[in-house]
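Everything below belongs to work-v7.cif, which stores mmCIF, C-alpha atoms and all ligand atoms.
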```cif
data_work
#
loop_
_atom_site.label_atom_id
_atom_site.label_comp_id
_atom_site.auth_asym_id
_atom_site.auth_seq_id
_atom_site.Cartn_x
_atom_site.Cartn_y
_atom_site.Cartn_z
CA MET A 223 0.00 0.00 0.00
CA LYS A 224 1.19 3.52 -0.79
CA ILE A 225 0.32 7.08 0.15
CA ALA A 226 -1.49 8.48 -2.88
CA ALA A 227 -2.26 12.07 -1.77
CA ILE A 228 -2.06 14.55 1.10
CA GLU A 229 -4.63 17.35 1.20
CA ILE A 230 -4.77 20.28 3.61
CA SER A 231 -7.78 22.55 4.13
CA HIS A 232 -8.41 25.49 6.47
CA HIS A 233 -11.74 26.33 8.12
CA ARG A 234 -13.17 29.13 10.29
CA ILE A 235 -16.29 29.64 12.38
CA LEU A 236 -17.35 32.95 13.87
CA LEU A 237 -17.80 33.17 17.64
CA ASP A 238 -20.74 35.39 18.51
CA PRO A 239 -20.77 36.09 21.41
CA PRO A 240 -16.97 35.98 21.54
CA PHE A 241 -14.93 33.57 23.65
CA ARG A 242 -13.06 35.44 26.39
CA ALA A 243 -10.19 33.03 26.98
CA SER A 244 -8.33 33.66 30.23
CA TRP A 245 -4.95 33.34 28.49
CA ASP A 246 -5.73 35.87 25.76
CA THR A 247 -6.10 39.61 26.44
CA ARG A 248 -8.27 39.95 23.29
CA PRO A 249 -11.76 38.39 23.06
CA ARG A 250 -11.83 35.71 20.38
CA THR A 251 -14.39 36.33 17.64
CA GLU A 252 -13.41 33.40 15.41
CA PHE A 253 -12.02 29.88 15.69
CA GLU A 254 -10.00 28.16 12.99
CA ALA A 255 -9.16 24.54 12.29
CA THR A 256 -6.83 22.94 9.77
CA VAL A 257 -7.67 19.47 8.47
CA VAL A 258 -5.11 17.10 6.96
CA ARG A 259 -6.28 14.13 4.89
CA VAL A 260 -3.91 11.41 3.78
CA THR A 261 -5.29 9.00 1.18
CA SER A 262 -3.94 5.54 0.36
CA ASP A 263 -3.83 4.13 -3.16
CA GLU A 264 -6.63 1.78 -2.03
CA GLY A 265 -8.90 4.69 -1.18
CA LEU A 266 -8.64 4.72 2.64
CA VAL A 267 -8.43 8.19 4.20
CA GLY A 268 -6.79 9.19 7.49
CA VAL A 269 -7.53 12.58 9.07
CA GLY A 270 -5.63 14.83 11.47
CA SER A 271 -5.83 18.35 12.85
CA GLY A 272 -3.87 20.73 15.09
CA ASP A 273 -1.30 23.20 13.81
CA LYS A 274 -1.74 25.07 10.54
CA MET A 275 0.85 22.99 8.63
CA VAL A 276 2.97 26.09 7.91
CA GLY A 277 5.79 25.18 5.53
CA PHE A 278 4.43 21.79 4.50
CA GLU A 279 3.65 22.87 0.94
CA GLY A 280 6.26 21.52 -1.44
CA HIS A 281 7.17 18.58 0.84
CA GLU A 282 4.31 16.25 -0.20
CA HIS A 283 6.71 14.23 -2.39
CA LEU A 284 8.62 13.14 0.74
CA PHE A 285 5.56 11.05 1.70
CA VAL A 286 3.54 10.32 -1.46
CA GLY A 287 4.49 6.92 -2.90
CA HIS A 288 5.76 5.65 0.47
CA ASP A 289 4.19 2.90 2.60
CA PRO A 290 1.84 4.72 5.04
CA LEU A 291 2.71 2.25 7.83
CA ARG A 292 6.33 3.42 8.06
CA LEU A 293 5.26 5.78 10.83
CA GLU A 294 8.68 6.18 12.47
CA ARG A 295 10.22 7.11 9.12
CA HIS A 296 7.50 9.66 8.44
CA ALA A 297 7.84 11.18 11.92
CA ARG A 298 11.54 11.80 11.36
CA VAL A 299 10.82 13.61 8.11
CA LEU A 300 8.21 15.72 9.96
CA ASP A 301 10.81 16.48 12.64
CA ASN A 302 13.19 17.69 9.91
CA ILE A 303 10.45 19.87 8.41
CA ALA A 304 9.78 21.34 11.88
CA PHE A 305 13.51 22.15 12.13
CA HIS A 306 13.32 24.30 8.99
CA TYR A 307 9.69 25.44 8.91
CA GLY A 308 6.55 24.99 11.03
CA ARG A 309 5.10 22.16 13.09
CA CYS A 310 3.31 19.77 10.74
CA TRP A 311 2.44 17.06 13.28
CA PRO A 312 -1.25 16.83 12.26
CA LEU A 313 0.03 14.68 9.38
CA ASP A 314 1.32 12.16 11.94
CA LEU A 315 -2.16 12.03 13.49
CA ALA A 316 -3.67 11.46 10.04
CA LEU A 317 -1.16 8.68 9.35
CA TRP A 318 -2.11 6.93 12.62
CA ASP A 319 -5.81 7.26 11.73
CA LEU A 320 -5.00 5.72 8.35
CA ALA A 321 -2.89 2.96 9.96
CA GLY A 322 -5.83 2.06 12.18
CA LYS A 323 -8.15 1.93 9.19
CA ILE A 324 -5.69 -0.31 7.32
CA ALA A 325 -5.40 -2.64 10.32
CA GLY A 326 -9.10 -2.46 11.22
CA LEU A 327 -8.12 -1.49 14.79
CA PRO A 328 -8.52 1.59 16.96
CA VAL A 329 -5.32 3.57 17.53
CA TRP A 330 -5.38 3.00 21.32
CA LYS A 331 -5.13 -0.74 20.63
CA LEU A 332 -2.47 -0.38 17.91
CA LEU A 333 -0.38 1.52 20.47
CA GLY A 334 -0.50 -1.34 22.94
CA GLY A 335 -4.00 -1.20 24.34
CA ARG A 336 -3.10 -0.43 27.94
CA SER A 337 -6.62 0.96 28.49
CA ASP A 338 -9.64 1.99 26.44
CA ARG A 339 -10.59 4.90 28.71
CA ILE A 340 -9.30 7.81 30.80
CA SER A 341 -10.93 10.02 33.38
CA ALA A 342 -11.45 13.48 31.82
CA TYR A 343 -11.00 16.73 33.71
CA ALA A 344 -13.16 19.69 32.73
CA SER A 345 -10.70 22.32 31.52
CA SER A 346 -12.35 25.70 31.99
CA GLY A 347 -11.26 28.57 29.77
CA THR A 348 -12.78 31.73 31.20
CA LEU A 349 -12.36 33.85 34.32
CA ARG A 350 -15.40 34.00 36.59
CA GLY A 351 -16.05 35.59 39.96
CA PRO A 352 -16.17 33.29 43.02
CA ASP A 353 -19.94 32.58 42.99
CA ALA A 354 -20.16 32.06 39.23
CA LEU A 355 -17.13 29.77 39.29
CA ALA A 356 -18.66 27.69 42.09
CA ASP A 357 -21.87 27.44 39.99
CA ALA A 358 -19.81 26.24 37.01
CA ALA A 359 -18.06 23.66 39.19
CA ASP A 360 -21.43 22.41 40.42
CA ALA A 361 -22.56 22.02 36.81
CA TYR A 362 -19.40 20.08 35.89
CA SER A 363 -19.95 17.74 38.81
CA ALA A 364 -23.60 17.22 37.87
CA ARG A 365 -22.55 16.35 34.30
CA GLY A 366 -20.26 13.57 35.56
CA PHE A 367 -16.84 15.20 35.77
CA ARG A 368 -14.71 14.22 38.75
CA ALA A 369 -12.03 16.86 38.19
CA MET A 370 -11.85 20.48 37.05
CA LYS A 371 -9.06 22.88 36.08
CA ILE A 372 -9.38 26.50 37.15
CA ARG A 373 -7.72 29.43 35.38
CA PHE A 374 -5.60 32.00 37.21
CA HIS A 375 -5.26 35.28 35.32
CA ARG A 376 -7.39 37.85 37.15
CA GLY A 377 -4.52 40.33 37.59
CA ASP A 378 -3.99 39.90 41.33
CA TRP A 379 -3.43 36.25 42.29
CA ARG A 380 -5.31 36.87 45.56
CA ASP A 381 -8.48 37.25 43.45
CA ASP A 382 -7.65 33.94 41.77
CA ILE A 383 -7.29 32.29 45.18
CA ALA A 384 -10.67 33.71 46.28
CA ALA A 385 -12.36 32.12 43.22
CA LEU A 386 -10.63 28.78 43.88
CA ALA A 387 -11.58 28.90 47.58
CA ALA A 388 -15.24 29.47 46.65
CA VAL A 389 -15.20 26.29 44.55
CA ARG A 390 -13.58 24.26 47.31
CA ALA A 391 -16.09 25.62 49.84
CA ARG A 392 -19.07 24.76 47.61
CA LEU A 393 -17.91 21.40 46.23
CA GLY A 394 -15.88 20.05 49.15
CA ASP A 395 -13.98 17.01 47.87
CA ARG A 396 -16.50 16.19 45.10
CA LEU A 397 -14.04 17.49 42.47
CA THR A 398 -10.28 17.10 42.19
CA LEU A 399 -9.04 20.62 41.41
CA MET A 400 -6.13 21.72 39.24
CA VAL A 401 -4.92 25.28 38.64
CA ASP A 402 -3.42 26.64 35.41
CA CYS A 403 -1.29 29.73 36.01
CA ASN A 404 -0.43 30.05 32.26
CA GLN A 405 2.86 31.82 33.06
CA GLY A 406 4.59 30.05 30.17
CA TRP A 407 1.92 31.05 27.67
CA ARG A 408 2.02 34.30 25.67
CA MET A 409 -0.03 35.61 22.78
CA PRO A 410 2.02 37.53 20.16
CA TRP A 411 0.86 40.92 21.58
CA ASP A 412 1.21 39.97 25.24
CA THR A 413 4.43 41.35 26.74
CA ALA A 414 3.63 41.02 30.47
CA ALA A 415 6.37 39.43 32.57
CA PRO A 416 5.70 35.97 34.08
CA TRP A 417 5.70 35.43 37.84
CA THR A 418 9.01 35.21 39.67
CA LEU A 419 9.88 32.18 41.79
CA LYS A 420 8.84 34.03 44.97
CA ASP A 421 5.47 34.99 43.42
CA ALA A 422 4.88 31.38 42.42
CA LEU A 423 5.91 30.11 45.86
CA GLN A 424 3.36 32.35 47.60
CA VAL A 425 0.64 31.04 45.29
CA ALA A 426 1.78 27.43 45.72
CA ARG A 427 1.38 27.69 49.51
CA GLU A 428 -2.24 28.77 49.04
CA LEU A 429 -2.82 25.90 46.59
CA GLU A 430 -1.43 23.43 49.15
CA ARG A 431 -3.89 24.77 51.72
CA LEU A 432 -6.78 24.26 49.26
CA ASP A 433 -5.63 20.74 48.32
CA VAL A 434 -4.95 21.45 44.64
CA TYR A 435 -3.78 18.42 42.65
CA TRP A 436 -1.43 20.26 40.30
CA MET A 437 -0.09 23.76 39.65
CA GLU A 438 0.37 24.26 35.92
CA GLU A 439 2.89 26.58 34.27
CA PRO A 440 3.83 28.52 37.42
CA LEU A 441 6.89 30.08 35.75
CA HIS A 442 8.23 30.84 32.28
CA ARG A 443 8.34 27.61 30.24
CA GLY A 444 12.14 27.80 29.97
CA ASP A 445 12.82 28.32 33.69
CA ARG A 446 13.71 24.74 34.52
CA ALA A 447 15.84 25.72 37.52
CA GLY A 448 13.00 27.82 38.93
CA MET A 449 10.50 24.99 38.51
CA ARG A 450 12.87 22.60 40.25
CA ARG A 451 13.33 24.98 43.20
CA LEU A 452 9.58 25.52 43.40
CA ARG A 453 8.97 21.77 43.25
CA ASP A 454 11.41 21.26 46.14
CA ARG A 455 9.59 23.83 48.28
CA THR A 456 5.98 22.75 47.84
CA ASP A 457 3.91 19.57 48.02
CA VAL A 458 1.65 20.60 45.15
CA ARG A 459 2.57 18.82 41.90
CA ILE A 460 4.24 21.03 39.26
CA ALA A 461 2.93 20.62 35.69
CA ALA A 462 4.44 22.03 32.45
CA GLY A 463 5.35 21.34 28.85
CA GLU A 464 2.22 22.17 26.84
CA MET A 465 4.07 24.39 24.36
CA THR A 466 7.52 22.79 24.64
CA ARG A 467 8.48 22.49 20.98
CA GLU A 468 11.23 19.86 20.83
CA LEU A 469 11.20 16.27 22.05
CA HIS A 470 14.68 16.65 23.63
CA GLU A 471 13.33 19.49 25.76
CA PHE A 472 11.07 16.98 27.53
CA ARG A 473 14.18 14.98 28.39
CA ASP A 474 15.72 18.19 29.76
CA LEU A 475 12.63 18.98 31.86
CA ILE A 476 12.81 15.48 33.34
CA ASP A 477 16.61 15.58 33.84
CA ALA A 478 16.34 18.93 35.63
CA GLY A 479 13.82 17.50 38.11
CA ALA A 480 11.55 20.36 37.04
CA VAL A 481 8.15 18.64 36.85
CA ASP A 482 5.81 16.07 38.35
CA ILE A 483 3.45 16.23 35.35
CA LEU A 484 4.38 16.50 31.64
CA GLN A 485 1.77 17.97 29.28
CA PRO A 486 2.82 17.75 25.63
CA ASP A 487 0.12 17.82 22.94
CA ALA A 488 0.35 15.32 20.08
CA ALA A 489 -1.48 17.70 17.75
CA LEU A 490 1.18 20.37 18.33
CA VAL A 491 4.48 18.60 19.09
CA GLY A 492 5.88 15.23 18.10
CA GLY A 493 2.62 13.67 16.98
CA ILE A 494 1.54 10.34 18.40
CA THR A 495 4.79 8.74 17.18
CA GLY A 496 7.09 11.12 19.06
CA LEU A 497 5.03 11.47 22.21
CA ARG A 498 4.62 7.75 22.81
CA CYS A 499 8.40 7.80 23.51
CA VAL A 500 7.97 10.78 25.84
CA ALA A 501 5.17 8.93 27.64
CA VAL A 502 7.42 5.91 28.24
CA MET A 503 10.32 8.13 29.34
CA ALA A 504 8.05 10.01 31.76
CA GLU A 505 6.73 6.83 33.36
CA ALA A 506 10.26 5.45 33.79
CA HIS A 507 11.04 8.58 35.83
CA GLY A 508 7.89 8.47 37.94
CA ILE A 509 6.40 11.46 36.09
CA VAL A 510 2.78 11.60 34.96
CA PHE A 511 2.20 12.05 31.21
CA THR A 512 -1.12 13.78 30.54
CA PRO A 513 -1.45 15.82 27.35
CA HIS A 514 -2.65 19.34 26.76
CA THR A 515 -5.56 19.03 24.30
CA TRP A 516 -6.74 22.58 23.67
CA THR A 517 -7.16 22.36 19.86
CA ASN A 518 -10.41 20.70 18.71
CA GLY A 519 -12.20 17.37 19.03
CA LEU A 520 -9.81 15.63 16.66
CA GLY A 521 -6.91 16.72 18.84
CA VAL A 522 -8.73 15.57 21.98
CA ALA A 523 -9.35 12.17 20.37
CA ALA A 524 -5.74 11.74 19.21
CA ASN A 525 -4.32 12.58 22.64
CA ALA A 526 -6.86 10.32 24.32
CA HIS A 527 -5.88 7.35 22.12
CA LEU A 528 -2.20 7.98 22.84
CA THR A 529 -2.67 8.37 26.58
CA ALA A 530 -5.06 5.45 27.05
CA GLY A 531 -3.05 3.18 24.78
CA VAL A 532 0.42 3.84 26.24
CA ALA A 533 0.36 5.76 29.51
CA ALA A 534 -1.33 5.42 32.88
CA ALA A 535 -2.56 8.98 33.33
CA PRO A 536 -5.02 9.77 36.11
CA PHE A 537 -6.74 12.40 33.93
CA ILE A 538 -6.85 13.86 30.43
CA GLU A 539 -7.73 17.44 29.56
CA PHE A 540 -11.25 18.02 28.21
CA PRO A 541 -11.62 21.63 27.00
CA PHE A 542 -15.17 22.59 27.92
CA ASP A 543 -16.58 25.80 29.39
CA PRO A 544 -20.15 26.37 28.24
CA PRO A 545 -21.54 28.60 26.92
CA ASP A 546 -18.25 30.30 25.92
CA TRP A 547 -16.49 27.10 24.91
CA SER A 548 -19.18 24.59 24.02
CA LEU A 549 -18.72 21.21 22.36
CA GLU A 550 -20.54 22.63 19.31
CA ARG A 551 -17.79 25.24 18.91
CA ARG A 552 -14.83 23.07 19.89
CA ASP A 553 -15.81 20.12 17.67
CA PHE A 554 -17.45 21.96 14.77
CA LEU A 555 -15.46 19.89 12.29
CA LEU A 556 -16.88 16.55 13.56
CA GLU A 557 -20.21 14.86 12.87
CA SER A 558 -20.67 14.28 16.60
CA PRO A 559 -18.57 15.76 19.41
CA VAL A 560 -16.09 13.80 21.50
CA ASP A 561 -17.78 13.52 24.91
CA ILE A 562 -17.50 11.84 28.31
CA ASP A 563 -19.73 9.11 29.74
CA ASP A 564 -21.78 9.36 32.96
CA ASN A 565 -18.69 8.49 35.05
CA GLY A 566 -16.66 11.35 33.64
CA ASP A 567 -14.56 9.01 31.48
CA LEU A 568 -13.54 9.43 27.86
CA VAL A 569 -14.25 5.94 26.54
CA LEU A 570 -12.64 4.98 23.23
CA SER A 571 -14.50 2.71 20.86
CA GLU A 572 -13.46 -0.24 18.70
CA ALA A 573 -13.89 1.89 15.55
CA PRO A 574 -10.77 1.74 13.36
CA GLY A 575 -8.30 4.64 13.57
CA LEU A 576 -9.10 7.64 15.76
CA GLY A 577 -12.83 6.84 15.67
CA VAL A 578 -14.00 10.28 14.54
CA THR A 579 -16.01 11.29 11.46
CA LEU A 580 -15.65 14.68 9.79
CA ASP A 581 -18.77 16.76 9.13
CA GLU A 582 -18.12 17.30 5.42
CA GLU A 583 -21.02 19.70 4.91
CA ARG A 584 -19.89 21.94 7.77
CA LEU A 585 -16.30 21.82 6.57
CA GLU A 586 -17.36 22.87 3.08
CA ALA A 587 -19.45 25.73 4.51
CA THR A 588 -16.61 26.99 6.72
CA ARG A 589 -13.73 26.55 4.30
CA ILE A 590 -11.36 29.52 3.95
CA GLY A 591 -8.47 27.87 2.12
MG MG B 601 -2.22 24.96 30.26
#
```
Would you kindly transcribe this structure into structure tokens?
Ligand SMILES: [Mg+2]
Amino acid sequence: MKIAAIEISHHRILLDPPFRASWDTRPRTEFEATVVRVTSDEGLVGVGSGDKMVGFEGHEHLFVGHDPLRLERHARVLDNIAFHYGRCWPLDLALWDLAGKIAGLPVWKLLGGRSDRISAYASSGTLRGPDALADAADAYSARGFRAMKIRFHRGDWRDDIAALAAVRARLGDRLTLMVDCNQGWRMPWDTAAPWTLKDALQVARELERLDVYWMEEPLHRGDRAGMRRLRDRTDVRIAAGEMTRELHEFRDLIDAGAVDILQPDAALVGGITGLRCVAVMAEAHGIVFTPHTWTNGLGVAANAHLTAGVAAAPFIEFPFDPPDWSLERRDFLLESPVDIDDNGDLVLSEAPGLGVTLDEERLEATRIG
């Protein structure tokens, strides 16, 4: 079997009312998705999504005509493209979807089949006041979630702590709580300085008091020494790595003793092929591997297959903050959204590949390139 064609399309939906993401100083009025389709000479099609595939054009010939199942070979070519141009890892996701369809097996099983499910944590995306945040937490719990991630970006971290404390007071121990400080994340126009180690340490002591499971991105993403010192001084788990760009940087985060939790995203870095190695490396060092998944439903599905199939993560991220970030918005490119069951688990099916179906009509209507 050979790869016959690779097609890339770009899509956009308008967000009205806008999505006020906590990590973006500008309200978001649109949401874009890039879809990669890889077709075999026998007519099977694998699909992927994530980054915009910047710089891929002109490199199709490095894949077309090759056996689609040579996934390690293809991942190394994608790594070389990322060295010169952009991150084109959605093609790796599409190749795994295709591999599953060729084999007639779901990707989680192709990867080893460690589990067919993972507990999902509700990853909120907006900033609410204490009462409204406690209401949202109640709603998550009622919908089946057993864990929730709260955003810190209200300007003064004491206001963030007040919102967190309101959730803990209302929900008690019904929800495991995580906190994302987003100090490693910057939009292109955002020039604010991240917290210092002493800032982060003050916050960490409050998170300990409120029994927070992990503290995410407490410092600049490159401050490995700071994360290590923070980790030594607090009992709360330190999480990082969602926008770490190179696979060797995960080794360096582990070597530095900087993290308890590693959060790479297969749709953004390394694909499934690269991150399955990171997952094994993390487990060998007693570090939890649990991906960032804030792209769209295809990205959630790909990371869920990887994590269930290879790792032993206690939770996986489930971006969901209605009405601002609804499943209808997040998964607009799919026929039906990726969703949890009544126990708060993401359960993967026996459907071949990644088990998702594109909504072709919607994709045609939203196509911008
Ligand atoms: Mg994050």
Near range 318-329 of chain A, counting all atoms listed in the file, which residues have an atom at most 10 Å away, once you skip same-chain residues fewer than 5 positions from it, shown as an MDAnalysis selection string?
chainID A and resid 223 225 259:262 264 266:270 290:293 312:313 334:335 338 493:495 523:524 526:528 530:531 570:578
Compute the set of protein, DNA and RNA residues whose minimum atom distance to ligand MG 601 (chain B) is at most 12 Å, using all atoms listed in the file, and state it as number ranges by chain.
A: 243-245, 345-347, 371-375, 400-408, 436-441, 443, 460-466, 483-487, 512-517, 539-541
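Excluding range 376-393 of chain A and any residue on its chain fewer than 6 positions from it, the residues at most 10 Å away by all atoms listed in the file are Ser244, Leu349, Arg350, Gly351, Pro352, Asp353, Ala354, Leu355, Ala356, Asp357, Ala358, Ala359, Asp360, Ser363, Leu399, Met400, Val401, Cys403, Asp421, Ala422, Gln424, Val425, Glu428, Leu429, Arg431, Leu432, Asp433 and Val434 of chain A.
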Closest of A:Asp581, A:Asp412, A:Asp457, A:Glu229 to Pro559 in chain A - atom-to-atom distances counting all atoms listed in the file:
A:Asp581
Can you tell me which residues surround Asp474 in chain A at a distance of at most 12 Å, considering only C-alpha atoms, apart from same-chain residues fewer than 6 positions away, and format the answer as number ranges by chain?
A: 443-447, 450, 463, 466, 468, 480-481, 484, 500, 503-504
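The coordinates place CA of Gly519 in chain A at 6.3 Å from CA of Arg552 in chain A.
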For CA of Ala488 in chain A and CA of Ala506 in chain A, the interatomic separation in Å (one decimal)
19.6 Å
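Across the model, the gap from CA of Thr579 in chain A to CA of Gly566 in chain A is 22.2 Å.
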For Ala369 in chain A: contacts at 7 Å, all atoms listed in the file, fewer than 2 positions along chain excluded, given as a PDB file with C-alpha atoms, keeping the file's coordinate frame:
```
ATOM      1  CA  TYR A 343     -11.000  16.730  33.710  1.00  0.00           C
ATOM      2  CA  ALA A 344     -13.160  19.690  32.730  1.00  0.00           C
ATOM      3  CA  PHE A 367     -16.840  15.200  35.770  1.00  0.00           C
ATOM      4  CA  LEU A 397     -14.040  17.490  42.470  1.00  0.00           C
ATOM      5  CA  THR A 398     -10.280  17.100  42.190  1.00  0.00           C
ATOM      6  CA  LEU A 399      -9.040  20.620  41.410  1.00  0.00           C
TER       7      LEU A 399
END
```
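Among the candidates A:Ala478, A:Ala489, A:Val299, A:Val257, the one nearest to Leu580 in chain A when counting all atoms listed in the file is A:Val257.
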How big is the axis-aligned box around all listed atoms of range 396-401 of chain A once 4 Å goes on each side, and where's its centre, in Å to one decimal, as AutoDock Vina command-line options?
```
--center_x -10.7 --center_y 20.7 --center_z 41.9 --size_x 19.6 --size_y 17.1 --size_z 14.5
```
Excluding same-chain residues fewer than 5 positions from Pro545 in chain A, what lies within 10 Å of it counting only C-alpha atoms, as a list in words?
Pro239, Phe241, Glu550 and Arg551 of chain A
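Distances to Val502 in chain A were evaluated for A:Ile303, A:Leu333, A:Val522, A:Val458 using all atoms listed in the file, and the minimum falls at A:Leu333.
With all atoms listed in the file as the basis for measurement, A:Gly496 is the residue among A:Pro240, A:Gly448, A:Gly496, A:Gly308 that approaches Arg295 in chain A most closely.
Distances to Ile235 in chain A were evaluated for A:Glu254, A:Arg365, A:Glu430, A:Ala534 using only C-alpha atoms, and the minimum falls at A:Glu254.
The smallest atom-to-atom distance between Thr247 in chain A and any of A:Met409, A:Val560, A:Cys499, A:Leu555, using all atoms listed in the file, is found for A:Met409.
Selecting by distance to (5.2, 23.8, 13.5) with a limit of 9 Å and using only C-alpha atoms, one obtains Asp273, Lys274, Met275, Val276, Gly277, Ile303, Ala304, Phe305, Tyr307, Gly308, Arg309, Cys310, Trp311, Arg467, Leu490 and Val491 of chain A.
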As a compact mmCIF listing (two decimals), keeping the file's coordinate frame, please: range 264-277 of chain A completed to N, CA and C atoms.
```txt
# COMPACT_ATOMS: atom_id res chain seq x y z
N GLU A 264 -5.44 2.64 -2.05
CA GLU A 264 -6.63 1.78 -2.03
C GLU A 264 -7.87 2.54 -1.59
N GLY A 265 -7.73 3.85 -1.43
CA GLY A 265 -8.90 4.69 -1.18
C GLY A 265 -9.23 4.92 0.29
N LEU A 266 -8.41 4.42 1.22
CA LEU A 266 -8.64 4.72 2.64
C LEU A 266 -8.12 6.11 2.95
N VAL A 267 -8.81 6.81 3.88
CA VAL A 267 -8.43 8.19 4.20
C VAL A 267 -8.21 8.33 5.71
N GLY A 268 -7.05 8.85 6.10
CA GLY A 268 -6.79 9.19 7.49
C GLY A 268 -6.87 10.69 7.67
N VAL A 269 -7.37 11.14 8.84
CA VAL A 269 -7.53 12.58 9.07
C VAL A 269 -6.81 13.01 10.34
N GLY A 270 -6.29 14.25 10.30
CA GLY A 270 -5.63 14.83 11.47
C GLY A 270 -5.92 16.31 11.53
N SER A 271 -5.65 16.91 12.70
CA SER A 271 -5.83 18.35 12.85
C SER A 271 -4.90 18.82 13.95
N GLY A 272 -4.76 20.16 14.07
CA GLY A 272 -3.87 20.73 15.09
C GLY A 272 -3.26 22.00 14.54
N ASP A 273 -1.95 22.02 14.36
CA ASP A 273 -1.30 23.20 13.81
C ASP A 273 -1.70 23.46 12.36
N LYS A 274 -1.29 24.64 11.86
CA LYS A 274 -1.74 25.07 10.54
C LYS A 274 -0.93 24.50 9.38
N MET A 275 0.04 23.63 9.68
CA MET A 275 0.85 22.99 8.63
C MET A 275 1.67 24.03 7.84
N VAL A 276 2.17 25.04 8.56
CA VAL A 276 2.97 26.09 7.91
C VAL A 276 4.28 25.47 7.40
N GLY A 277 4.54 25.67 6.12
CA GLY A 277 5.79 25.18 5.53
C GLY A 277 5.71 23.78 4.96
```
